[in-house]
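structure-v3.txt follows; it contains compact mmCIF, C-alpha atoms.
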```txt
# COMPACT_ATOMS: atom_id res chain seq x y z
CA LYS A 30 -94.22 65.94 -18.82
CA GLN A 31 -90.69 67.17 -19.55
CA GLU A 32 -88.00 66.24 -17.07
CA VAL A 33 -84.43 67.47 -16.80
CA THR A 34 -81.78 65.67 -14.75
CA GLN A 35 -78.31 66.90 -13.85
CA ILE A 36 -75.45 64.66 -12.80
CA PRO A 37 -73.52 64.89 -10.55
CA ALA A 38 -75.44 66.78 -7.87
CA ALA A 39 -72.14 68.06 -6.47
CA LEU A 40 -68.56 68.13 -7.69
CA SER A 41 -65.36 69.18 -5.96
CA VAL A 42 -62.15 69.58 -7.96
CA PRO A 43 -58.71 71.16 -7.56
CA GLU A 44 -57.93 74.34 -9.43
CA GLY A 45 -56.75 73.83 -13.01
CA GLU A 46 -58.76 70.72 -13.77
CA ASN A 47 -60.95 70.39 -16.83
CA LEU A 48 -64.42 69.17 -15.93
CA VAL A 49 -67.73 68.13 -17.46
CA LEU A 50 -71.23 68.70 -16.14
CA ASN A 51 -74.06 66.59 -17.50
CA CYS A 52 -77.67 67.38 -18.29
CA SER A 53 -80.24 64.93 -19.68
CA PHE A 54 -83.77 65.70 -20.84
CA THR A 55 -86.84 63.73 -21.87
CA ASP A 56 -88.41 66.32 -24.18
CA SER A 57 -88.43 65.09 -27.77
CA ALA A 58 -89.56 68.53 -29.01
CA ILE A 59 -86.78 70.63 -27.55
CA TYR A 60 -86.45 74.15 -28.97
CA ASN A 61 -83.24 75.17 -27.22
CA LEU A 62 -81.20 74.47 -24.11
CA GLN A 63 -79.61 77.06 -21.85
CA TRP A 64 -76.90 76.78 -19.19
CA PHE A 65 -76.90 79.10 -16.19
CA ARG A 66 -74.71 79.85 -13.23
CA GLN A 67 -76.12 80.76 -9.81
CA ASP A 68 -74.09 82.14 -6.92
CA PRO A 69 -75.49 81.71 -3.38
CA GLY A 70 -78.48 83.96 -2.73
CA LYS A 71 -78.34 85.45 -6.21
CA GLY A 72 -80.26 85.23 -9.46
CA LEU A 73 -79.26 83.18 -12.50
CA THR A 74 -76.62 84.31 -14.96
CA SER A 75 -76.94 83.01 -18.51
CA LEU A 76 -73.79 81.24 -19.74
CA LEU A 77 -74.65 79.63 -23.06
CA LEU A 78 -77.71 79.01 -25.24
CA ILE A 79 -77.78 76.18 -27.78
CA GLN A 80 -80.51 76.05 -30.39
CA SER A 81 -81.93 72.64 -31.31
CA SER A 82 -80.27 72.92 -34.73
CA GLN A 83 -76.82 73.44 -33.19
CA ARG A 84 -74.34 70.89 -31.82
CA GLU A 85 -72.29 73.18 -29.58
CA GLN A 86 -71.59 76.69 -28.38
CA THR A 87 -68.42 78.16 -26.91
CA SER A 88 -67.73 81.15 -24.69
CA GLY A 89 -64.24 81.58 -23.32
CA ARG A 90 -63.36 78.54 -21.19
CA LEU A 91 -66.90 77.15 -21.50
CA ASN A 92 -68.16 74.79 -24.17
CA ALA A 93 -71.67 73.37 -24.24
CA SER A 94 -72.80 70.54 -26.50
CA LEU A 95 -76.24 69.25 -27.41
CA ASP A 96 -77.23 65.78 -28.63
CA LYS A 97 -80.97 65.72 -29.27
CA SER A 98 -81.04 62.06 -30.27
CA SER A 99 -79.72 60.93 -26.89
CA GLY A 100 -81.39 63.72 -24.91
CA ARG A 101 -78.13 65.00 -23.47
CA SER A 102 -76.16 68.19 -23.08
CA THR A 103 -72.75 68.69 -21.48
CA LEU A 104 -71.03 71.79 -20.15
CA TYR A 105 -67.25 71.59 -20.37
CA ILE A 106 -65.21 73.96 -18.20
CA ALA A 107 -61.54 74.20 -19.07
CA ALA A 108 -58.80 75.07 -16.59
CA SER A 109 -61.19 75.54 -13.67
CA GLN A 110 -60.65 78.41 -11.20
CA PRO A 111 -61.93 79.05 -7.65
CA GLY A 112 -64.13 81.78 -9.10
CA ASP A 113 -66.00 79.11 -11.06
CA SER A 114 -67.44 77.77 -7.80
CA ALA A 115 -71.23 78.07 -8.05
CA THR A 116 -74.34 76.06 -8.87
CA TYR A 117 -74.74 75.29 -12.56
CA LEU A 118 -78.24 74.78 -13.95
CA CYS A 119 -79.43 73.62 -17.33
CA ALA A 120 -82.89 74.36 -18.70
CA GLU A 121 -84.60 73.15 -21.84
CA ARG A 122 -87.31 75.03 -23.69
CA ASN A 123 -90.15 73.14 -25.31
CA ALA A 124 -90.96 73.74 -28.96
CA GLY A 125 -94.72 73.47 -28.97
CA GLY A 126 -97.97 71.97 -27.79
CA THR A 127 -99.37 72.88 -24.40
CA SER A 128 -95.87 73.47 -23.05
CA TYR A 129 -95.01 76.07 -25.69
CA GLY A 130 -92.28 78.40 -24.52
CA LYS A 131 -91.90 76.79 -21.11
CA LEU A 132 -88.41 76.46 -19.58
CA THR A 133 -87.88 73.28 -17.54
CA PHE A 134 -84.91 73.25 -15.16
CA GLY A 135 -82.69 70.56 -13.75
CA GLN A 136 -81.85 70.64 -10.05
CA GLY A 137 -78.32 71.82 -10.65
CA THR A 138 -74.75 70.75 -10.00
CA ILE A 139 -72.93 72.42 -7.10
CA LEU A 140 -69.34 72.98 -8.19
CA THR A 141 -66.51 73.72 -5.77
CA VAL A 142 -63.03 74.47 -7.13
CA HIS A 143 -60.29 74.34 -4.49
CA PRO A 144 -57.23 76.61 -4.74
CA ASP B 15 -77.99 99.61 -17.99
CA GLY B 16 -80.50 97.16 -19.38
CA GLY B 17 -81.75 94.42 -17.15
CA ILE B 18 -84.39 92.96 -14.88
CA THR B 19 -85.09 94.54 -11.51
CA GLN B 20 -86.85 92.68 -8.74
CA SER B 21 -87.98 94.36 -5.55
CA PRO B 22 -87.86 94.10 -2.69
CA LYS B 23 -84.83 91.88 -2.12
CA TYR B 24 -86.28 90.59 1.16
CA LEU B 25 -89.98 90.43 2.08
CA PHE B 26 -91.71 89.25 5.22
CA ARG B 27 -95.33 88.17 5.22
CA LYS B 28 -97.67 87.57 8.12
CA GLU B 29 -100.13 84.71 8.05
CA GLY B 30 -103.19 85.61 5.97
CA GLN B 31 -101.60 88.54 4.18
CA ASN B 32 -101.33 89.09 0.45
CA VAL B 33 -98.00 90.44 -0.75
CA THR B 34 -96.87 91.63 -4.18
CA LEU B 35 -93.43 91.10 -5.67
CA SER B 36 -92.30 93.54 -8.31
CA CYS B 37 -90.52 92.66 -11.57
CA GLU B 38 -89.55 95.33 -14.11
CA GLN B 39 -87.46 94.92 -17.27
CA ASN B 40 -86.07 97.48 -19.71
CA LEU B 41 -84.85 94.95 -22.26
CA ASN B 42 -87.95 95.34 -24.46
CA HIS B 43 -88.63 91.62 -24.03
CA ASP B 44 -92.12 90.37 -24.81
CA ALA B 45 -92.06 87.23 -22.63
CA MET B 46 -91.80 87.27 -18.83
CA TYR B 47 -91.79 84.48 -16.24
CA TRP B 48 -92.03 83.84 -12.50
CA TYR B 49 -90.22 80.93 -10.88
CA ARG B 50 -90.07 79.67 -7.33
CA GLN B 51 -86.88 78.09 -5.98
CA ASP B 52 -86.84 75.82 -2.93
CA PRO B 53 -83.82 73.92 -1.59
CA GLY B 54 -83.54 70.53 -3.25
CA GLN B 55 -86.40 71.19 -5.68
CA GLY B 56 -84.89 73.34 -8.38
CA LEU B 57 -86.86 76.06 -10.13
CA ARG B 58 -90.57 75.60 -10.69
CA LEU B 59 -92.65 77.75 -13.03
CA ILE B 60 -95.49 79.72 -11.43
CA TYR B 61 -96.80 81.87 -14.31
CA TYR B 62 -95.57 83.11 -17.65
CA SER B 63 -96.68 85.75 -20.11
CA GLN B 64 -95.79 85.88 -23.78
CA ILE B 65 -97.56 89.16 -24.52
CA VAL B 66 -99.19 92.09 -22.76
CA ASN B 67 -102.62 91.33 -21.25
CA ASP B 68 -102.11 87.57 -21.58
CA PHE B 69 -100.57 85.02 -19.23
CA GLN B 70 -100.62 81.27 -18.58
CA LYS B 71 -100.41 79.16 -15.46
CA GLY B 72 -97.26 77.21 -14.87
CA ASP B 73 -96.81 74.07 -12.80
CA ILE B 74 -97.53 75.60 -9.37
CA ALA B 75 -99.94 78.53 -9.95
CA GLU B 76 -102.28 77.80 -7.03
CA GLY B 77 -102.19 80.59 -4.44
CA TYR B 78 -100.55 83.06 -6.83
CA SER B 79 -101.85 85.72 -9.23
CA VAL B 80 -100.22 87.93 -11.85
CA SER B 81 -101.03 90.78 -14.19
CA ARG B 82 -99.37 92.03 -17.38
CA GLU B 83 -100.75 95.48 -18.09
CA LYS B 84 -97.45 96.83 -19.39
CA LYS B 85 -94.74 95.16 -21.45
CA GLU B 86 -92.04 96.01 -18.95
CA SER B 87 -93.85 94.92 -15.78
CA PHE B 88 -95.03 91.52 -14.47
CA PRO B 89 -95.94 91.72 -10.75
CA LEU B 90 -96.63 88.55 -8.77
CA THR B 91 -99.08 88.50 -5.86
CA VAL B 92 -98.70 85.77 -3.27
CA THR B 93 -102.15 85.35 -1.77
CA SER B 94 -103.23 83.97 1.59
CA ALA B 95 -104.29 80.81 -0.28
CA GLN B 96 -100.62 79.91 -0.76
CA LYS B 97 -99.98 77.80 2.31
CA ASN B 98 -96.21 77.53 2.07
CA PRO B 99 -94.95 80.75 0.49
CA THR B 100 -91.49 80.86 2.06
CA ALA B 101 -89.11 80.58 -0.90
CA PHE B 102 -86.80 82.44 -3.26
CA TYR B 103 -88.74 83.99 -6.16
CA LEU B 104 -87.09 84.67 -9.50
CA CYS B 105 -88.38 86.70 -12.43
CA ALA B 106 -87.10 86.26 -15.97
CA SER B 107 -87.69 87.64 -19.44
CA SER B 108 -86.86 86.75 -23.04
CA ILE B 109 -87.56 87.68 -26.63
CA GLY B 110 -89.95 84.96 -27.62
CA GLN B 111 -88.28 81.61 -27.03
CA GLY B 112 -84.81 83.08 -27.05
CA GLU B 113 -82.24 83.45 -24.31
CA ALA B 114 -83.79 83.99 -20.88
CA PHE B 115 -82.40 86.56 -18.45
CA PHE B 116 -83.10 86.59 -14.73
CA GLY B 117 -83.40 89.17 -11.99
CA GLN B 118 -81.61 88.95 -8.64
CA GLY B 119 -84.58 87.44 -6.83
CA THR B 120 -86.81 88.19 -3.86
CA ARG B 121 -86.60 86.10 -0.72
CA LEU B 122 -90.03 85.81 0.91
CA THR B 123 -90.37 84.63 4.50
CA VAL B 124 -93.54 84.00 6.49
CA VAL B 125 -93.34 85.34 10.04
```
Structure encoded using structure tokens:
Amino acid sequence: KQEVTQIPAALSVPEGENLVLNCSFTDSAIYNLQWFRQDPGKGLTSLLLIQSSQREQTSGRLNASLDKSSGRSTLYIAASQPGDSATYLCAERNAGGTSYGKLTFGQGTILTVHP
Amino acid sequence: DGGITQSPKYLFRKEGQNVTLSCEQNLNHDAMYWYRQDPGQGLRLIYYSQIVNDFQKGDIAEGYSVSREKKESFPLTVTSAQKNPTAFYLCASSIGQGEAFFGQGTRLTVV
């Protein structure tokens, strides 16, 4: 059974800091990994998608990396802003077998950026 | 605007009632999913469908049913067999195993 773990569970930083969120997964047959943002009471917003053949993806101040051999992904946020405060979730998609196409989520990291 | 629409935003269910949550997408995605979110438990997969008229159980399908009669629609019925239905329900869609997009969710409460 695939498992996804996110560390830390919560993070509080002052505005302007660069920060790293961690995601680890047990699936050896990962197809891709996706990072999401969730604001309170809202749905998920897709941030970045990394295919299993890729090492990293960048969008603006966000950079996500993927290391299949160690089962890890990181989301780097540069120059954090109060508007970045949200819960960040990672999800890996399995490549085949009985879990084909299934997205497995971590429990998320709650990020608070103080002005 | 293209996207995923879930309705209603809030839903109240009495004991023993069946209720249906709506999910519609105009993204022309073939795959659709239903997730349940509870505090401290993350998102758990209820059902998913990769093509019209076909769907598979996820990790917590008991007490739920779905249909996929149209590509753009994937309604979820919470039956009276689901003993603890109070949760936030999220619908998603994707092109195959590509990037998944989510709706804004339906919060279901048992009264």
Legend entry - Pairwise distance for CA of Gly77 (chain B) and CA of Gln55 (chain B), rounded to one decimal in Å: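 Atom-to-atom, CA of Gly77 (chain B) to CA of Gln55 (chain B), that is 18.4 Å.
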Inset, instruction - Would you mind listing what lies within 8 Å of Leu73 (chain A) as JSON, numbers by chain, with all atoms listed in the file counted and same-chain residues fewer than 6 positions away left out? - result: {"A": [65, 66, 67], "B": [115, 116, 117, 118]}
Inset, instruction - Between B:Ala106, B:Val125, B:Leu41, B:Leu90, single out the one closest to chain A, counting all atoms listed in the file. - result: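 Smallest distance to chain A is found for B:Ala106.
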Inset, instruction - Kindly provide, as a count of residues only, the polymer residues lying within 9 Å of (-74.9, 74.7, -21.4), counting all atoms listed in the file and using the coordinates exactly as they appear in the file. - result: 25
Inset, instruction - Enumerate as an NGL selection string the residues belonging to chain A that approach chain B to within 12 Å, with all atoms listed in the file taken into account. - result: :A and (30-35 or 38 or 59-81 or 116-125 or 127-139)
Inset, instruction - May I ask for the distance between CA of Thr19 (chain B) and CA of Lys71 (chain B), given in Å to one decimal place? - result: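 Separation of CA of Thr19 (chain B) and CA of Lys71 (chain B): 22.1 Å.
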Legend entry - Between CA of Arg82 (chain B) and CA of Asn67 (chain B) - distance in Å to one decimal: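 About the pair CA of Asn67 (chain B) and CA of Arg82 (chain B): they are 5.1 Å apart.
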Legend entry - Residue list as number ranges by chain for point (-90.1, 86.9, -2.3), cut-off 9 Å, all atoms listed in the file: B: 21-26, 33-35, 50, 92, 99-104, 119-123
Legend entry - Among listed residues A:Ser82, A:Ser57, A:Ser88, A:Thr141, nearest Ser109 (chain A) (using all atoms listed in the file):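 Answer, going by the shortest atom-to-atom distance: A:Thr141.
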Mind completing region 32-58 of chain B with N, CA, C and O atoms? Output as a compact mmCIF listing (two decimals), keeping the file's coordinate frame, please?
```txt
# COMPACT_ATOMS: atom_id res chain seq x y z
N ASN B 32 -101.76 89.14 1.85
CA ASN B 32 -101.33 89.09 0.45
C ASN B 32 -100.11 90.00 0.32
O ASN B 32 -100.07 91.08 0.94
N VAL B 33 -99.15 89.59 -0.47
CA VAL B 33 -98.00 90.44 -0.75
C VAL B 33 -97.72 90.42 -2.24
O VAL B 33 -98.00 89.43 -2.92
N THR B 34 -97.16 91.53 -2.75
CA THR B 34 -96.87 91.63 -4.18
C THR B 34 -95.38 91.84 -4.40
O THR B 34 -94.77 92.71 -3.78
N LEU B 35 -94.82 91.01 -5.29
CA LEU B 35 -93.43 91.10 -5.67
C LEU B 35 -93.35 91.81 -7.02
O LEU B 35 -94.10 91.49 -7.95
N SER B 36 -92.42 92.74 -7.10
CA SER B 36 -92.30 93.54 -8.31
C SER B 36 -91.23 92.97 -9.24
O SER B 36 -90.18 92.50 -8.79
N CYS B 37 -91.50 93.03 -10.56
CA CYS B 37 -90.52 92.66 -11.57
C CYS B 37 -90.65 93.64 -12.73
O CYS B 37 -91.73 93.76 -13.33
N GLU B 38 -89.57 94.35 -13.02
CA GLU B 38 -89.55 95.33 -14.11
C GLU B 38 -88.35 95.04 -15.01
O GLU B 38 -87.26 94.76 -14.52
N GLN B 39 -88.57 95.12 -16.33
CA GLN B 39 -87.46 94.92 -17.27
C GLN B 39 -87.45 96.04 -18.30
O GLN B 39 -88.50 96.51 -18.73
N ASN B 40 -86.22 96.45 -18.67
CA ASN B 40 -86.07 97.48 -19.71
C ASN B 40 -85.33 96.92 -20.91
O ASN B 40 -84.60 97.66 -21.60
N LEU B 41 -85.50 95.64 -21.16
CA LEU B 41 -84.85 94.95 -22.26
C LEU B 41 -85.74 94.89 -23.50
O LEU B 41 -85.34 94.35 -24.52
N ASN B 42 -86.96 95.40 -23.38
CA ASN B 42 -87.95 95.34 -24.46
C ASN B 42 -88.32 93.90 -24.82
O ASN B 42 -88.63 93.59 -25.98
N HIS B 43 -88.26 93.01 -23.82
CA HIS B 43 -88.63 91.62 -24.03
C HIS B 43 -90.13 91.47 -23.97
O HIS B 43 -90.81 92.11 -23.17
N ASP B 44 -90.68 90.57 -24.81
CA ASP B 44 -92.12 90.37 -24.81
C ASP B 44 -92.55 89.31 -23.80
O ASP B 44 -93.65 89.38 -23.26
N ALA B 45 -91.70 88.32 -23.54
CA ALA B 45 -92.06 87.23 -22.63
C ALA B 45 -91.48 87.46 -21.24
O ALA B 45 -90.33 87.89 -21.10
N MET B 46 -92.27 87.16 -20.22
CA MET B 46 -91.80 87.27 -18.83
C MET B 46 -92.29 86.06 -18.05
O MET B 46 -93.33 85.46 -18.39
N TYR B 47 -91.54 85.71 -16.98
CA TYR B 47 -91.79 84.48 -16.24
C TYR B 47 -91.59 84.71 -14.75
O TYR B 47 -90.78 85.54 -14.35
N TRP B 48 -92.28 83.92 -13.93
CA TRP B 48 -92.03 83.84 -12.50
C TRP B 48 -91.73 82.40 -12.12
O TRP B 48 -92.49 81.48 -12.47
N TYR B 49 -90.62 82.23 -11.39
CA TYR B 49 -90.22 80.93 -10.88
C TYR B 49 -90.09 80.99 -9.37
O TYR B 49 -89.75 82.02 -8.79
N ARG B 50 -90.30 79.84 -8.77
CA ARG B 50 -90.07 79.67 -7.33
C ARG B 50 -88.93 78.67 -7.16
O ARG B 50 -88.89 77.64 -7.85
N GLN B 51 -88.00 78.98 -6.23
CA GLN B 51 -86.88 78.09 -5.98
C GLN B 51 -86.87 77.69 -4.51
O GLN B 51 -86.82 78.53 -3.63
N ASP B 52 -86.93 76.38 -4.28
CA ASP B 52 -86.84 75.82 -2.93
C ASP B 52 -85.63 74.91 -2.87
O ASP B 52 -85.28 74.26 -3.87
N PRO B 53 -85.00 74.81 -1.71
CA PRO B 53 -83.82 73.92 -1.59
C PRO B 53 -84.17 72.49 -1.99
O PRO B 53 -85.17 71.94 -1.54
N GLY B 54 -83.35 71.92 -2.85
CA GLY B 54 -83.54 70.53 -3.25
C GLY B 54 -84.62 70.30 -4.28
O GLY B 54 -84.86 69.17 -4.68
N GLN B 55 -85.30 71.38 -4.72
CA GLN B 55 -86.40 71.19 -5.68
C GLN B 55 -86.19 71.91 -6.99
O GLN B 55 -87.02 71.86 -7.87
N GLY B 56 -85.12 72.64 -7.13
CA GLY B 56 -84.89 73.34 -8.38
C GLY B 56 -85.89 74.47 -8.58
O GLY B 56 -86.60 74.87 -7.67
N LEU B 57 -85.95 74.96 -9.79
CA LEU B 57 -86.86 76.06 -10.13
C LEU B 57 -88.16 75.50 -10.69
O LEU B 57 -88.14 74.66 -11.58
N ARG B 58 -89.26 76.03 -10.20
CA ARG B 58 -90.57 75.60 -10.69
C ARG B 58 -91.32 76.81 -11.20
O ARG B 58 -91.35 77.85 -10.56
```
